Amino acid sequence: MAKGFMIIDGQRVAFDGEKNVLAVIRKAGIEMPTFCYHSDLSTYGACRMCLVEDERGKLDSSCSMEPRDGLNIKTNSMRLLKHRRTILELMLASHDCDCTVCPKSGRCRLQELAQQFGVRRVRFKDTRQRHEIDDSSDCVWRDPNKCILCGDCVRVCEEIQGMNILDFVGRGAQMTVAPAFERKLSETHCVGCGQCAAVCTTGAILVNNQIGKAWDAIHDPSKRVVVQIAPAVRVAVGEAFGIPAGENSLDKFVTALKLIGVDEVYDTIFGADFTTVSEAEEFKQRLANGGPFPMFTSCCPAWVKYLEYENPKYLKNISTCKSPMQMFAAILRDQYAEKDQADGRTTFHIAIMPCTAKKMEANRDEFKHDGRPDVDLVLTTREIIDMLRETGIKLGELELESPDLPFGMGSGASMIYGTSGGVAESVVRYCVPDKSKNALREIEFMGLRGDGCIKEATLELDGQEIRLAVVNGLGNARKLLRDIDEGKAFYHLIEVMTCQGGCVGGGGQPQSLRVTKQERRDGLARADHSAPFKRAERNPVVMQMLEEMGEEKAHRLLHVSYVKE
Amino acid sequence: MGKQDVLKRVEEIVDSYDCRREALIAIMQDIQNEYKYLSTEALELVADKLGVGVAKVYSVATFYENFSLEAKGKYIVKVCCGTACHVRKSQPIYDGLREYLGLSGKQKTSSDALFTLETVACLGACGLSPVMTINDEVHPKMTPESAIELLEKLRAKEEASHAEA
Amino acid sequence: MPKRKLTRERLDALRLEAKTLLAANTREVLICAGTGCIAGGSLNIYDAVKQLCEEKGLKTRVSLKQEDGGNALHFKKTGCHGFCEMGPLLQIEPDGILYTHVKVEDAAEIVERTIMKGEVIDRLLYTLDGKTYPKDSEIPFYKLQKRLVLENCGYTDAEDLTEYIARDGYVAFEKALFEMTDEGICKEILDSGLRGRGGAGFPTGRKWDSVRKQPKGKKYVVCNGDEGDPGAFMDRSIMEGNPHSIIEGMLIAALAAGSDEGYIYVRAEYPLAVDRLRTAIEKAEKLGLLGDNIMGTPFSFHLHINRGAGAFVCGEGSALTASIEGKRGMPRVKPPRTVEHGLWGQPTVLNNVETYANVPLIIRKGAGWFRSIGTEKSSGTKAFALTGNVVNTGLIEVPMGTTLREIIYDIGGGIKDGKKFKAVQIGGPAGGCLTEEHLDMPLDFDSLKSVGAIIGSGGLVVMDEDTCMVETARFFMSFTQNESCGKCVPCREGTKRMLEILTRIVNNEGTMDDLDLLESLSATISEAALCGLGQAACNPVISTLKYFRDEYLAHVVDKHCPHCNGRKVQLVIDPKLCRGCGKCRKNCPMEAISGEIRQPHTIDTEKCIKCGACWSNCPFGAIREE
């Protein structure tokens, strides 16, 4: 990696391994504007906003420039400012500028930069082609009229998820981003991960917004609104209210939800403990029966969808355990049936998730009973942030309140479900007979959690060597499946999370870079450490309920098969 | 030809390139050569066989001018609108043919499915400008009148063979 | 014939044999089989003449190799002769008689009189200013050219490898393979001063040397035959007429750079070029000039052809390699450069057709010889496609530094129909226009650069006094806009807006603000666009604004362009609506409207300048555009 000094606007700046001049400029404290640059994706170089001028007066994009010793550049010359303004003006001229009513307003990069560069008028006539809005997906909402063709969504879909649902169509001024044959998303193999919405710089791809339904339910006196909150939400929801990423703001969040009129607030970690116990038992069973291996985790609905679309032969390998959200919901429906009958209200169950695909999961036929889904509504972190904003509640300033009991309690193991490797580790904690503190530390050091696309570990169980793998990003999962297909790899248990870093980087989370995801992950690790008990089987409510349930009922409530007959 | 036959042929074409991903453009050219356009089914099959996303295949197909995703007429008429031809008045030929074929808006193929009218950036036969091709046969030094005359002859020929049949 | 491994000795022996055959080969009928002449029906003429000869009992043959001896009449389908305006062309050797505008009906007479009796048919000869020219070498169009890369085009059978070998083909490759080091080849090319013929004129030797210096491993040699500039067909003629010169040039490049695989990317619109190249590659493979361990050396080289699919932008290096890889042809940001990170991420030599075609000549005749042609900083010759409003359109090759005046007036025969010269567009849509003041400027890389134009691939489109330069700029912008790949904002959005504004101006609806906007947008697109094509997209606008601002003003201020008349819509009065009030007649500045009071009026379209004064003032809405 190159090391040396550059001159940026007359200032000497050291560089050491930065991958491009843009990174060096940002390190020097100058916030270069970009649309198409995303540090996790390949360099595209199309928006031309990050242009810099060299000594000879030549302009080039800093995102594609290699840092070079002695390089002397200007970042804000007269010409550069003028070109940036013109580029912004050109973008605005082809963009549906209904900013005041746009859901992305206030978080839109185009709006932000147009303001920043003082673009006060657009000198071009509105000759835009009008495109139809695609609201067919449960998860995301596409408005091509807002697209500036930065291609971030195309690259995240292809490079990270390996899905290639969205791509460029046509060329030149007619170019758009769309699925093949300009189909609607619901007609494609889109798994609903929502990463396209997470990276979208404008309002062209948004989380499918269901705030209205939530308000309706909350204000309906005949409905008892019961909420569950996923682990990854608590370390991200505060970001919009000045709370640092990674800080666990669950207790304030509970207060806020109560303030806006939610009746009961529970925690998905309760469901996760059910999942850990059930999944670990299933795994032990498979070990005893000799397979089928690998056993895939089933918590991530986008992953399940992926196998259904792209590799159905592996559906039998998926754990039959429902996801924590669906387990929680099934138990809640079961437990609240009598209660509903007694007071004449219906329980309306809202799950607050870091995930767009959960909206699709909740809508699956497997999770509907008598035509009604177990989870009535899934709201993403971003939607709930918008709801809180609407109410004017300042999350940071609220009193603390714990989730309601009995479904508000969970183990430390369930907390780490929100990060890649967490599910696998929770299962291992359950399976390993040594229940000492030391054993917990050893398990942590196996390296299942943390950065890295494909992580592997082995452990010994009843004299048998167990091979584990943890993968995040569907692109990586695809590679792993190929290796398994070709006989190059064998594992007993594989945890797959669709999003980079796991649910902390979910498509429903506030926009996040790698560092933010890491802070959220660390936050969940702290929550685990400070939890009163670390293992799922230590959850007294869960264990008692499982005992009372009996095998048949447990199977009915907690298990599901995705294999098509 | 039935749909199944077409797909079988598409499969053969893809196989003839050993399902190499980089042969995508050549594969689509071969398919188009045989069927004059790229059908949805054909592209889906190509994507499947090459192991690439169907959006990728569609994306490449829509990038290049020569690929057509709609069925075309029996005769593909291309009027060159390169510089040399433009300078020597190729636009009136195109306009004249559009009018003759009764094409409006984005319509490129005549309603009797006999002719598809297109423009081409430059055929490289600038010395003969303005030029026009009918199914890749070059016709030099065209005028609107001579171009229409050519099409009329073809139409008469088609009608005659139709009448015989 | 049993396949024998080709050795240097065997190739030399083959060459000697071929040379003897060629020397003995005195009687030839050459029929131009370039795209232009084929379109004119030259292949039918070929068949007719050959058949008639055979009927008359004349011995014929179609390749050098054919055994039946030296006195048989050799029929050749040659590459483009260059004089496309006069096609179809037929030439009879050894007398060098050139017949122009030949028709199938002329075949009998040609056979009976010229071939059998040696008479010349005057009416088929080229005539200029009352003088007839029986031989091509005397025709001014040819006489003033210096044909090096095009030398074989028009004289040899493009599909005949033996003939290419007989004309010292693959001598340069042999020399490079057995007598030169990779470094030596790069140095020779660098010393020759050869600069890329495809556009910017980057020194070819330096490019090769950069690839040579890359770490050992897979490297590629790629030939850009995606000649997309409208008005250019030099590369097409070389690919069709002398395909082996490209293969030989690429072989030498591969030797120099340490590559074993190459691609030729040919424009989709050139099916004949694809056929000829494919045949040439097959023949070279069969002989052992392509393949593994060529002539018993460790050097191997495999060559593939890729057909373009209709995207001008693929002429840009990184877009071209993306297209070979089966992707959308969108340029990528640099660095890394193609020489480091080209096709499939490997170091790649990328040159255009004409550049490669020059290489065998340089290696065979030496850098010094090449330097003696052309100017100091632009050595060698350049092929141009001469088109537009010029008498002799066609393909020409002249030493670098030849003036525009020589090309247009001496070779091109001046402006068509005796009109006045106005401008010439050089370098295609990415180039600029040159005007009267540049007529005596030498055409070379640096002189052109100094006036903001480029040689580009070498299209020369001549425009006469009747041409509207604003409309010309609009035409080029519509081309570029249509061909923009859409990746970067300045080019995608900017050219769209430029075209909107230019269209407005051409339609006399522009304002002075529009001119400012054009200039401001041009600056942003030129400086901020991602690739070379985008950066050059506004050159036609910039140069016409510079040299023909008055024509823009005519459209914007006067709302009347003297050149655009006739192309524009007509204003007519609907006799059913007109009440004959006479208001339009009074308002017409040209006195183009006549009519009796209370009777429908009419507009004299000859006089009308479409200013619209009548139309905007008609109280009955009776005046409309047609």
# chains A, B, ... in the order shown; residues from 1 in each chain; ligands from 1

call {"tool": "residues_around", "arguments": {"residues": "segment 17-21 of chain C", "least_positions_apart": "2", "cutoff": "7 Å", "atoms": "only C-alpha atoms", "output": "PDB file with N, CA, C and O atoms, in the first residue's frame"}}
result
ATOM      1  N   ALA C  13      10.533 -20.506 -48.722  1.00  0.00           N
ATOM      2  CA  ALA C  13      10.370 -21.249 -49.972  1.00  0.00           C
ATOM      3  C   ALA C  13       9.007 -20.941 -50.586  1.00  0.00           C
ATOM      4  O   ALA C  13       8.894 -20.706 -51.797  1.00  0.00           O
ATOM      5  N   LEU C  14       8.004 -20.911 -49.732  1.00  0.00           N
ATOM      6  CA  LEU C  14       6.653 -20.589 -50.204  1.00  0.00           C
ATOM      7  C   LEU C  14       6.621 -19.208 -50.844  1.00  0.00           C
ATOM      8  O   LEU C  14       5.978 -18.985 -51.860  1.00  0.00           O
ATOM      9  N   ARG C  15       7.312 -18.294 -50.201  1.00  0.00           N
ATOM     10  CA  ARG C  15       7.313 -16.918 -50.699  1.00  0.00           C
ATOM     11  C   ARG C  15       7.958 -16.842 -52.071  1.00  0.00           C
ATOM     12  O   ARG C  15       7.462 -16.176 -52.970  1.00  0.00           O
ATOM     13  N   ALA C  23       5.053 -13.037 -60.575  1.00  0.00           N
ATOM     14  CA  ALA C  23       5.785 -12.425 -61.683  1.00  0.00           C
ATOM     15  C   ALA C  23       5.265 -12.948 -63.011  1.00  0.00           C
ATOM     16  O   ALA C  23       5.142 -12.209 -63.984  1.00  0.00           O
ATOM     17  N   ALA C  24       4.909 -14.238 -63.022  1.00  0.00           N
ATOM     18  CA  ALA C  24       4.426 -14.842 -64.257  1.00  0.00           C
ATOM     19  C   ALA C  24       2.996 -14.433 -64.552  1.00  0.00           C
ATOM     20  O   ALA C  24       2.508 -14.551 -65.670  1.00  0.00           O
ATOM     21  N   ASN C  25       2.386 -13.943 -63.528  1.00  0.00           N
ATOM     22  CA  ASN C  25       0.968 -13.628 -63.596  1.00  0.00           C
ATOM     23  C   ASN C  25       0.781 -12.286 -64.254  1.00  0.00           C
ATOM     24  O   ASN C  25       0.789 -11.249 -63.631  1.00  0.00           O
ATOM     25  N   LEU C  64      -3.646 -17.357 -57.113  1.00  0.00           N
ATOM     26  CA  LEU C  64      -2.270 -17.455 -57.565  1.00  0.00           C
ATOM     27  C   LEU C  64      -1.817 -18.899 -57.617  1.00  0.00           C
ATOM     28  O   LEU C  64      -0.978 -19.284 -58.400  1.00  0.00           O
ATOM     29  N   GLY C  70       0.831 -19.778 -66.008  1.00  0.00           N
ATOM     30  CA  GLY C  70       0.937 -18.334 -65.925  1.00  0.00           C
ATOM     31  C   GLY C  70       0.082 -17.578 -66.903  1.00  0.00           C
ATOM     32  O   GLY C  70      -0.224 -16.420 -66.689  1.00  0.00           O
ATOM     33  N   THR C 162      -1.578 -16.457 -50.416  1.00  0.00           N
ATOM     34  CA  THR C 162      -0.377 -16.628 -51.234  1.00  0.00           C
ATOM     35  C   THR C 162       0.050 -15.296 -51.849  1.00  0.00           C
ATOM     36  O   THR C 162       1.226 -14.968 -51.890  1.00  0.00           O
ATOM     37  N   GLU C 163      -0.930 -14.565 -52.332  1.00  0.00           N
ATOM     38  CA  GLU C 163      -0.584 -13.291 -52.946  1.00  0.00           C
ATOM     39  C   GLU C 163      -0.022 -12.320 -51.920  1.00  0.00           C
ATOM     40  O   GLU C 163       0.916 -11.579 -52.195  1.00  0.00           O
ATOM     41  N   ILE C 165       1.640 -13.134 -49.311  1.00  0.00           N
ATOM     42  CA  ILE C 165       3.010 -13.576 -49.045  1.00  0.00           C
ATOM     43  C   ILE C 165       3.930 -13.177 -50.196  1.00  0.00           C
ATOM     44  O   ILE C 165       5.057 -12.728 -49.992  1.00  0.00           O
ATOM     45  N   ALA C 166       3.418 -13.307 -51.416  1.00  0.00           N
ATOM     46  CA  ALA C 166       4.228 -12.938 -52.578  1.00  0.00           C
ATOM     47  C   ALA C 166       4.611 -11.467 -52.543  1.00  0.00           C
ATOM     48  O   ALA C 166       5.676 -11.072 -53.029  1.00  0.00           O
TER      49      ALA C 166
END

call {"tool": "interface_residues", "arguments": {"of": "chain B", "to": "chain C", "cutoff": "8 Å", "atoms": "only C-alpha atoms", "output": "PyMOL selection string"}}
result
chain B and resi 21-26+29+59-60+63-67+82-85+87-88+121-128+137-140

call {"tool": "interface_residues", "arguments": {"of": "chain A", "to": "chain C", "cutoff": "9 Å", "atoms": "only C-alpha atoms", "output": "NGL selection string"}}
result
:A and (43-49 or 51 or 58-61 or 64-66 or 79-80 or 82-84 or 86-88 or 90-91 or 93-94 or 123-125 or 148-151 or 170-175)

call {"tool": "write_last_selection", "arguments": {"atoms": "C-alpha atoms", "output": "compact mmCIF listing (two decimals), in the first residue's frame"}}
result
# COMPACT_ATOMS: atom_id res chain seq x y z
CA THR A 43 -15.75 2.45 -7.92
CA TYR A 44 -18.14 3.64 -10.61
CA GLY A 45 -16.98 7.21 -11.22
CA ALA A 46 -20.12 8.41 -12.93
CA CYS A 47 -21.48 11.33 -10.93
CA ARG A 48 -18.35 13.44 -11.45
CA MET A 49 -19.05 15.41 -8.28
CA LEU A 51 -13.67 16.01 -9.39
CA LYS A 58 -6.59 18.80 -15.57
CA LEU A 59 -9.75 17.57 -13.88
CA ASP A 60 -10.39 14.03 -12.77
CA SER A 61 -12.55 12.21 -10.29
CA SER A 64 -10.74 6.82 -9.10
CA MET A 65 -7.38 8.48 -8.45
CA GLU A 66 -4.59 6.64 -6.73
CA ARG A 79 -14.12 25.69 -12.28
CA LEU A 80 -14.83 22.79 -9.98
CA LYS A 82 -19.11 25.73 -11.40
CA HIS A 83 -19.07 22.22 -12.83
CA ARG A 84 -20.53 20.77 -9.65
CA THR A 86 -24.00 22.48 -13.44
CA ILE A 87 -23.99 18.75 -12.75
CA LEU A 88 -26.46 19.23 -9.92
CA LEU A 90 -28.60 18.75 -14.82
CA MET A 91 -29.55 16.09 -12.29
CA ALA A 93 -33.70 18.84 -14.38
CA SER A 94 -34.25 15.11 -14.86
CA ARG A 123 -32.45 26.49 -16.53
CA PHE A 124 -33.70 23.49 -18.45
CA LYS A 125 -37.20 22.65 -19.50
CA ILE A 148 -30.34 9.79 -10.71
CA LEU A 149 -28.70 6.64 -12.10
CA CYS A 150 -25.83 6.60 -9.63
CA GLY A 151 -26.05 2.81 -9.81
CA GLY A 170 -31.18 1.07 -22.24
CA ARG A 171 -28.54 3.66 -22.65
CA GLY A 172 -27.87 7.37 -22.85
CA ALA A 173 -30.63 9.71 -21.85
CA GLN A 174 -33.13 6.83 -22.04
CA MET A 175 -31.24 4.80 -19.48

call {"tool": "closest_atom_pairs", "arguments": {"of": "chain A", "to": "chain B", "cutoff": "7 Å", "atoms": "only C-alpha atoms", "output": "Markdown table"}}
result
| residue | atom | partner | partner_atom | distance |
| --- | --- | --- | --- | --- |
| A:Met163 | CA | B:Gly53 | CA | 6.9 |
| A:Asn164 | CA | B:Gly53 | CA | 5.4 |
| A:Ile165 | CA | B:Ala55 | CA | 5.9 |
| A:Leu166 | CA | B:Ala55 | CA | 6.3 |
| A:Asp167 | CA | B:Ala55 | CA | 5.8 |
| A:Phe168 | CA | B:Ser59 | CA | 5.5 |
| A:Val169 | CA | B:Ser59 | CA | 4.8 |
| A:Gly170 | CA | B:Thr62 | CA | 4.6 |
| A:Arg171 | CA | B:Phe63 | CA | 5.4 |
| A:Pro179 | CA | B:Ala55 | CA | 5.7 |
| A:Ala180 | CA | B:Ala55 | CA | 4.1 |
| A:Phe181 | CA | B:Tyr58 | CA | 6.6 |

call {"tool": "write_last_selection", "arguments": {"atoms": "all heavy atoms", "output": "compact mmCIF listing (two decimals), in the first residue's frame"}}
result
# COMPACT_ATOMS: atom_id res chain seq x y z
N MET A 163 -27.49 -10.94 -6.58
CA MET A 163 -28.84 -11.21 -7.07
C MET A 163 -29.10 -10.66 -8.47
O MET A 163 -29.78 -11.28 -9.27
CB MET A 163 -29.89 -10.63 -6.12
CG MET A 163 -29.98 -11.34 -4.78
SD MET A 163 -30.24 -13.11 -4.95
CE MET A 163 -31.90 -13.14 -5.60
N ASN A 164 -28.57 -9.47 -8.74
CA ASN A 164 -28.78 -8.86 -10.06
C ASN A 164 -30.27 -8.78 -10.44
O ASN A 164 -30.68 -9.18 -11.52
CB ASN A 164 -27.98 -9.63 -11.13
CG ASN A 164 -28.02 -8.96 -12.49
OD1 ASN A 164 -28.22 -9.61 -13.49
ND2 ASN A 164 -27.84 -7.65 -12.52
N ILE A 165 -31.05 -8.28 -9.49
CA ILE A 165 -32.47 -8.05 -9.79
C ILE A 165 -32.62 -6.75 -10.55
O ILE A 165 -33.33 -6.64 -11.53
CB ILE A 165 -33.30 -7.99 -8.48
CG1 ILE A 165 -33.19 -9.31 -7.72
CG2 ILE A 165 -34.75 -7.63 -8.77
CD1 ILE A 165 -33.66 -10.53 -8.48
N LEU A 166 -31.89 -5.75 -10.07
CA LEU A 166 -31.93 -4.44 -10.72
C LEU A 166 -30.69 -4.29 -11.59
O LEU A 166 -29.61 -4.72 -11.22
CB LEU A 166 -31.92 -3.33 -9.67
CG LEU A 166 -33.17 -3.18 -8.80
CD1 LEU A 166 -32.89 -2.18 -7.69
CD2 LEU A 166 -34.35 -2.74 -9.65
N ASP A 167 -30.88 -3.68 -12.74
CA ASP A 167 -29.72 -3.36 -13.56
C ASP A 167 -30.09 -2.17 -14.44
O ASP A 167 -31.26 -1.77 -14.50
CB ASP A 167 -29.29 -4.56 -14.41
CG ASP A 167 -27.78 -4.55 -14.66
OD1 ASP A 167 -27.21 -3.45 -14.84
OD2 ASP A 167 -27.18 -5.63 -14.69
N PHE A 168 -29.07 -1.66 -15.14
CA PHE A 168 -29.35 -0.57 -16.06
C PHE A 168 -30.09 -1.12 -17.27
O PHE A 168 -29.82 -2.23 -17.73
CB PHE A 168 -28.05 0.09 -16.52
CG PHE A 168 -27.33 0.78 -15.41
CD1 PHE A 168 -26.14 0.28 -14.92
CD2 PHE A 168 -27.85 1.93 -14.84
CE1 PHE A 168 -25.48 0.92 -13.88
CE2 PHE A 168 -27.21 2.56 -13.81
CZ PHE A 168 -26.01 2.07 -13.33
N VAL A 169 -31.01 -0.33 -17.76
CA VAL A 169 -31.75 -0.70 -18.96
C VAL A 169 -31.59 0.42 -19.96
O VAL A 169 -31.70 1.59 -19.61
CB VAL A 169 -33.25 -0.93 -18.64
CG1 VAL A 169 -34.06 -1.13 -19.90
CG2 VAL A 169 -33.41 -2.12 -17.71
N GLY A 170 -31.34 0.06 -21.21
CA GLY A 170 -31.18 1.07 -22.24
C GLY A 170 -29.89 1.83 -22.06
O GLY A 170 -29.04 1.45 -21.25
N ARG A 171 -29.76 2.89 -22.80
CA ARG A 171 -28.54 3.66 -22.65
C ARG A 171 -28.82 5.15 -22.88
O ARG A 171 -29.92 5.53 -23.27
CB ARG A 171 -27.47 3.16 -23.60
CG ARG A 171 -27.75 3.50 -25.04
CD ARG A 171 -26.49 3.30 -25.88
NE ARG A 171 -26.71 3.77 -27.21
CZ ARG A 171 -26.38 3.08 -28.31
NH1 ARG A 171 -25.83 1.91 -28.21
NH2 ARG A 171 -26.61 3.60 -29.49
N PRO A 179 -35.76 -3.87 -13.16
CA PRO A 179 -35.59 -5.32 -13.31
C PRO A 179 -35.65 -5.71 -14.78
O PRO A 179 -36.05 -4.91 -15.63
CB PRO A 179 -36.79 -5.89 -12.55
CG PRO A 179 -37.29 -4.80 -11.69
CD PRO A 179 -36.98 -3.53 -12.42
N ALA A 180 -35.28 -6.95 -15.06
CA ALA A 180 -35.32 -7.46 -16.43
C ALA A 180 -36.71 -7.26 -17.02
O ALA A 180 -37.72 -7.44 -16.34
CB ALA A 180 -34.96 -8.94 -16.44
N PHE A 181 -36.74 -6.88 -18.29
CA PHE A 181 -37.98 -6.67 -19.04
C PHE A 181 -38.89 -5.64 -18.36
O PHE A 181 -40.10 -5.63 -18.56
CB PHE A 181 -38.74 -8.00 -19.23
CG PHE A 181 -37.88 -9.06 -19.84
CD1 PHE A 181 -37.36 -10.08 -19.05
CD2 PHE A 181 -37.53 -9.01 -21.17
CE1 PHE A 181 -36.53 -11.05 -19.59
CE2 PHE A 181 -36.69 -9.98 -21.73
CZ PHE A 181 -36.20 -11.00 -20.93

call {"tool": "residues_around", "arguments": {"residues": "Ile134 of chain B", "least_positions_apart": "2", "cutoff": "9 Å", "atoms": "only C-alpha atoms", "output": "JSON list (two decimals) with N, CA, C and O atoms, in the first residue's frame"}}
result
[["chain", "number", "residue", "atom", "x", "y", "z"],
["B", 75, "TYR", "N", -38.75, -7.64, -44.08],
["B", 75, "TYR", "CA", -37.65, -6.87, -44.64],
["B", 75, "TYR", "C", -37.24, -5.78, -43.65],
["B", 75, "TYR", "O", -38.09, -5.01, -43.20],
["B", 76, "ILE", "N", -35.96, -5.76, -43.34],
["B", 76, "ILE", "CA", -35.48, -4.72, -42.44],
["B", 76, "ILE", "C", -34.78, -3.65, -43.27],
["B", 76, "ILE", "O", -33.78, -3.92, -43.94],
["B", 77, "VAL", "N", -35.37, -2.50, -43.27],
["B", 77, "VAL", "CA", -34.87, -1.40, -44.08],
["B", 77, "VAL", "C", -34.12, -0.45, -43.17],
["B", 77, "VAL", "O", -34.66, 0.02, -42.17],
["B", 78, "LYS", "N", -32.88, -0.21, -43.49],
["B", 78, "LYS", "CA", -32.11, 0.73, -42.68],
["B", 78, "LYS", "C", -31.66, 1.90, -43.54],
["B", 78, "LYS", "O", -31.01, 1.70, -44.56],
["B", 79, "VAL", "N", -32.01, 3.09, -43.10],
["B", 79, "VAL", "CA", -31.57, 4.28, -43.81],
["B", 79, "VAL", "C", -30.37, 4.83, -43.06],
["B", 79, "VAL", "O", -30.43, 5.00, -41.84],
["B", 132, "MET", "N", -28.99, 3.02, -48.28],
["B", 132, "MET", "CA", -30.05, 2.36, -47.53],
["B", 132, "MET", "C", -29.78, 0.86, -47.67],
["B", 132, "MET", "O", -29.25, 0.43, -48.69],
["B", 136, "ASP", "N", -29.68, -6.09, -45.17],
["B", 136, "ASP", "CA", -28.22, -6.00, -45.29],
["B", 136, "ASP", "C", -27.69, -5.84, -46.71],
["B", 136, "ASP", "O", -26.49, -5.79, -46.91],
["B", 137, "GLU", "N", -28.57, -5.77, -47.68],
["B", 137, "GLU", "CA", -28.08, -5.50, -49.03],
["B", 137, "GLU", "C", -28.05, -3.98, -49.22],
["B", 137, "GLU", "O", -29.05, -3.30, -48.97],
["B", 138, "VAL", "N", -26.90, -3.48, -49.66],
["B", 138, "VAL", "CA", -26.74, -2.03, -49.74],
["B", 138, "VAL", "C", -27.32, -1.49, -51.05],
["B", 138, "VAL", "O", -27.07, -2.03, -52.12],
["B", 139, "HIS", "N", -28.09, -0.44, -50.93],
["B", 139, "HIS", "CA", -28.60, 0.25, -52.11],
["B", 139, "HIS", "C", -28.05, 1.67, -52.13],
["B", 139, "HIS", "O", -28.34, 2.45, -51.23]]

call {"tool": "residues_around", "arguments": {"residues": "Lys284 of chain A", "least_positions_apart": "5", "cutoff": "9 Å", "atoms": "only C-alpha atoms", "output": "list in words"}}
result
Glu279, Asn289 and Cys431 of chain A

call {"tool": "select_by_dssp", "arguments": {"residues": "segment 113-189 of chain A", "states": "alpha helix (DSSP H)", "output": "JSON, numbers by chain"}}
result
{"A": [113, 114, 115, 116, 152, 153, 154, 155]}

call {"tool": "atom_distance", "arguments": {"atom1": "atom CA of Leu150 of chain C", "atom2": "atom CA of Lys283 of chain C"}}
result
21.0 Å

call {"tool": "atom_distance", "arguments": {"atom1": "atom CA of Arg155 of chain B", "atom2": "atom CA of Leu114 of chain B"}}
result
7.8 Å
